[in-house]
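Take a look at the structure below.
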Amino acid sequence: MQDAITTLINSSDVQGKYLDDASLENLQSYFRSGDLRARAAMTISANASMIVTKTVAKALLYTDITAPGGNMYTCRRYAACVRDMDYFLRYGTYAMLAGDPSILDERVLNGLKETYNSLGVPVGATVRAVQAMKEVTTEMVGAEAGREIGTFFDHICSGLS
Amino acid sequence: MSIITQAIANADREARYLSRGELETIDHFFHDGQQRLRIASILTNNVQAIVEKGSQRFWQRCAITPSNSGSERFQASCLRDQAWFMRLITYAVVVGDIDPIEASGVRGGKAMYLSLEIPLRNVAECMRCLKEVTLDMLTLEDAAEVGPYFDYLIQGLVP
């Protein structure tokens, strides 16, 4: 797992070069936005279950997917979906704090698409739900922090499709 | 690993969000970030001078050493390695952790110098000279930030 700092250091180390002005500038803006990230993480963790509830209501609850024959039909599958939404939110929050998507690649997306395909989970609906989660989260943490975490929700979506 | 990745890894092991305390620690780390970047750029901009002065000091203290034996190749390698270790120090300052020094410098460092038949005692002394020269050029506060990374490096190289 990497963050914005270790990613830069690792790539500089491999090339044997000092951190140049551009890299330092990048880190500076990462540090400057740190307060925003930490505060957003605090808000999200305090409201996580509410964000998930709203997300499910917004994107999934009133569609065919929860009706008999849909992939969220039976409570067991519904619960599994809610749990996965929980995961996406938590890992999205981690990635936002780190300012780096590697944790998503390593711990969420690795093999996820294959798992969903084999379980018959519709990727399209999942992507719609993650996009809805982006909107719900942004409403909660504000536009600026919403943009920060939004890029990582988008990363999850592009990793799924 | 930085404080950030460390805290995330801990939280993930327990499948929870970061605690308030952990987030405050990270926030603090963000705040100090500008300071660490400033120190790193002072070091980066002065590497050449530091290595030059450090070498002079080193050869005064350890006159009998491969890099001072008249072999230009040994001398060049010595200067190169010093700049190399300085680079790792700047990384460590930026990330606020010994990890870059440990991963790229200390691990295997002793074995490498032993196999090259370079006396470890002298390598450690050379690092000590680099430390002194570097700390001389920093303010007291900055020196307190950088010093421990040199100490870690030196500890990792003493025989």
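Within each chain, counting starts at residue 1; across the structure tokens, chains are named A, B, ... in the order shown, with ligands numbered 1 upward in that order.
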query = Contacts of segment 44-49 of chain B at 7 Å or less, counting only C-alpha atoms, minus same-chain residues fewer than 4 places along, as a list in words?
reply = Tyr18 of chain A; Ala40, Lys53 and Ala83 of chain B
message = Can you pull out the residues contacting Phe58 of chain B? Cut-off 7 Å, using only C-alpha atoms, and skip same-chain residues under 5 positions away; I want them as a ChimeraX atom specification.
response = /B:125-126,129
key: Interface, chain A side, toward chain B (7 Å; only C-alpha atoms) as a list of chain:residue names   = A:Met1, A:Gln2, A:Asp3, A:Ile5, A:Thr6, A:Ile9, A:Tyr18, A:Leu24, A:Gln28, A:Phe31, A:Gly34, A:Asp35, A:Ala38, A:Ser45, A:Arg90, A:Tyr94, A:Ala98
Keeping only C-alpha atoms, write the selected residues as an mmCIF file, in the first residue's frame.
data_model
loop_
_atom_site.group_PDB
_atom_site.id
_atom_site.type_symbol
_atom_site.label_atom_id
_atom_site.label_comp_id
_atom_site.auth_asym_id
_atom_site.auth_seq_id
_atom_site.Cartn_x
_atom_site.Cartn_y
_atom_site.Cartn_z
ATOM 1 C CA MET A 1 0.000 0.000 0.000
ATOM 2 C CA GLN A 2 1.254 3.446 -0.911
ATOM 3 C CA ASP A 3 0.337 7.043 -0.257
ATOM 4 C CA ILE A 5 4.432 10.553 -0.433
ATOM 5 C CA THR A 6 5.735 7.000 -0.620
ATOM 6 C CA ILE A 9 9.781 8.535 -3.065
ATOM 7 C CA TYR A 18 16.435 13.702 -5.577
ATOM 8 C CA LEU A 24 7.951 18.815 -3.968
ATOM 9 C CA GLN A 28 3.059 20.533 -0.898
ATOM 10 C CA PHE A 31 -0.056 18.459 2.649
ATOM 11 C CA GLY A 34 -4.501 17.452 4.478
ATOM 12 C CA ASP A 35 -6.801 19.221 6.861
ATOM 13 C CA ALA A 38 -8.752 14.434 7.696
ATOM 14 C CA SER A 45 -16.790 7.704 9.640
ATOM 15 C CA ARG A 90 -14.357 2.659 3.892
ATOM 16 C CA TYR A 94 -8.630 5.318 3.122
ATOM 17 C CA ALA A 98 -3.574 8.490 1.408
#
task = Identify all residues of chain A in helix (DSSP H, G or I) (DSSP on the backbone) and supply them as a VMD selection string.
result = chain A and resid 4 to 15 21 to 32 34 to 46 48 to 61 64 to 66 75 to 98 102 to 109 112 to 119 123 to 141 143 to 160
Distance query segment 106-110 of chain B at most 6 Å, only C-alpha atoms, self and fewer than 4 positions along chain excluded, as an mmCIF file with all heavy atoms, in the first residue's frame:
data_model
loop_
_atom_site.group_PDB
_atom_site.id
_atom_site.type_symbol
_atom_site.label_atom_id
_atom_site.label_comp_id
_atom_site.auth_asym_id
_atom_site.auth_seq_id
_atom_site.Cartn_x
_atom_site.Cartn_y
_atom_site.Cartn_z
ATOM 1 N N GLU B 102 16.106 2.428 5.767
ATOM 2 C CA GLU B 102 16.134 1.005 6.078
ATOM 3 C C GLU B 102 16.089 0.167 4.796
ATOM 4 O O GLU B 102 16.919 -0.716 4.581
ATOM 5 C CB GLU B 102 14.929 0.695 6.990
ATOM 6 C CG GLU B 102 14.401 -0.724 6.965
ATOM 7 C CD GLU B 102 15.265 -1.669 7.761
ATOM 8 O OE1 GLU B 102 15.913 -1.182 8.702
ATOM 9 O OE2 GLU B 102 15.291 -2.867 7.429
ATOM 10 N N GLY B 156 23.019 1.587 11.739
ATOM 11 C CA GLY B 156 22.847 0.458 10.834
ATOM 12 C C GLY B 156 24.124 0.057 10.131
ATOM 13 O O GLY B 156 24.181 -1.000 9.501
ATOM 14 N N LEU B 157 25.142 0.892 10.195
ATOM 15 C CA LEU B 157 26.373 0.590 9.454
ATOM 16 C C LEU B 157 27.562 0.289 10.356
ATOM 17 O O LEU B 157 28.565 -0.227 9.876
ATOM 18 C CB LEU B 157 26.729 1.766 8.526
ATOM 19 C CG LEU B 157 25.783 1.969 7.334
ATOM 20 C CD1 LEU B 157 26.111 3.261 6.606
ATOM 21 C CD2 LEU B 157 25.852 0.797 6.362
#
task = Just the residues within 8 Å of Val127 of chain A, please, counting only C-alpha atoms, with nothing from its chain fewer than 2 positions along; format it as a ChimeraX atom specification.
result = /A:123-125,129-131,157,160-161
task = Write out as a ChimeraX atom specification which residues come within 12 Å of Arg61 of chain B when counting only C-alpha atoms, dropping same-chain ones fewer than 2 positions away.
result = /B:54-59,63-65,68,121-126,128-129
For the residues in that selection, give me C-alpha atoms as a CSV table (one decimal), in the first residue's frame.
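Below you can see part.csv, which holds the result:
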chain,number,residue,atom,x,y,z
B,54,GLY,CA,32.1,15.8,4.7
B,55,SER,CA,34.7,14.0,2.6
B,56,GLN,CA,37.4,16.5,3.7
B,57,ARG,CA,36.5,15.9,7.3
B,58,PHE,CA,36.4,12.1,6.8
B,59,TRP,CA,39.8,11.9,5.2
B,63,ALA,CA,43.5,9.0,6.4
B,64,ILE,CA,44.1,5.4,5.7
B,65,THR,CA,41.0,4.3,3.8
B,68,ASN,CA,42.0,8.3,0.2
B,121,ARG,CA,34.1,1.5,10.8
B,122,ASN,CA,35.3,4.0,8.2
B,123,VAL,CA,31.9,4.0,6.4
B,124,ALA,CA,30.2,4.8,9.7
B,125,GLU,CA,32.7,7.5,10.4
B,126,CYS,CA,32.1,9.0,7.0
B,128,ARG,CA,29.1,10.8,11.1
B,129,CYS,CA,31.1,13.5,9.2
query = For Tyr116 of chain A, which residue out of A:Leu60, A:Ala145, A:Cys81, A:Ala95 is the nearest one, using only C-alpha atoms?
reply = A:Cys81
task = Excluding Thr55 of chain A and residues on its chain fewer than 2 positions from it, collect all residues at most 12 Å away from it, counting only C-alpha atoms, and give them as a PyMOL selection string.
result = chain A and resi 48-53+57-62+81-82+84-86+88-89+125-139
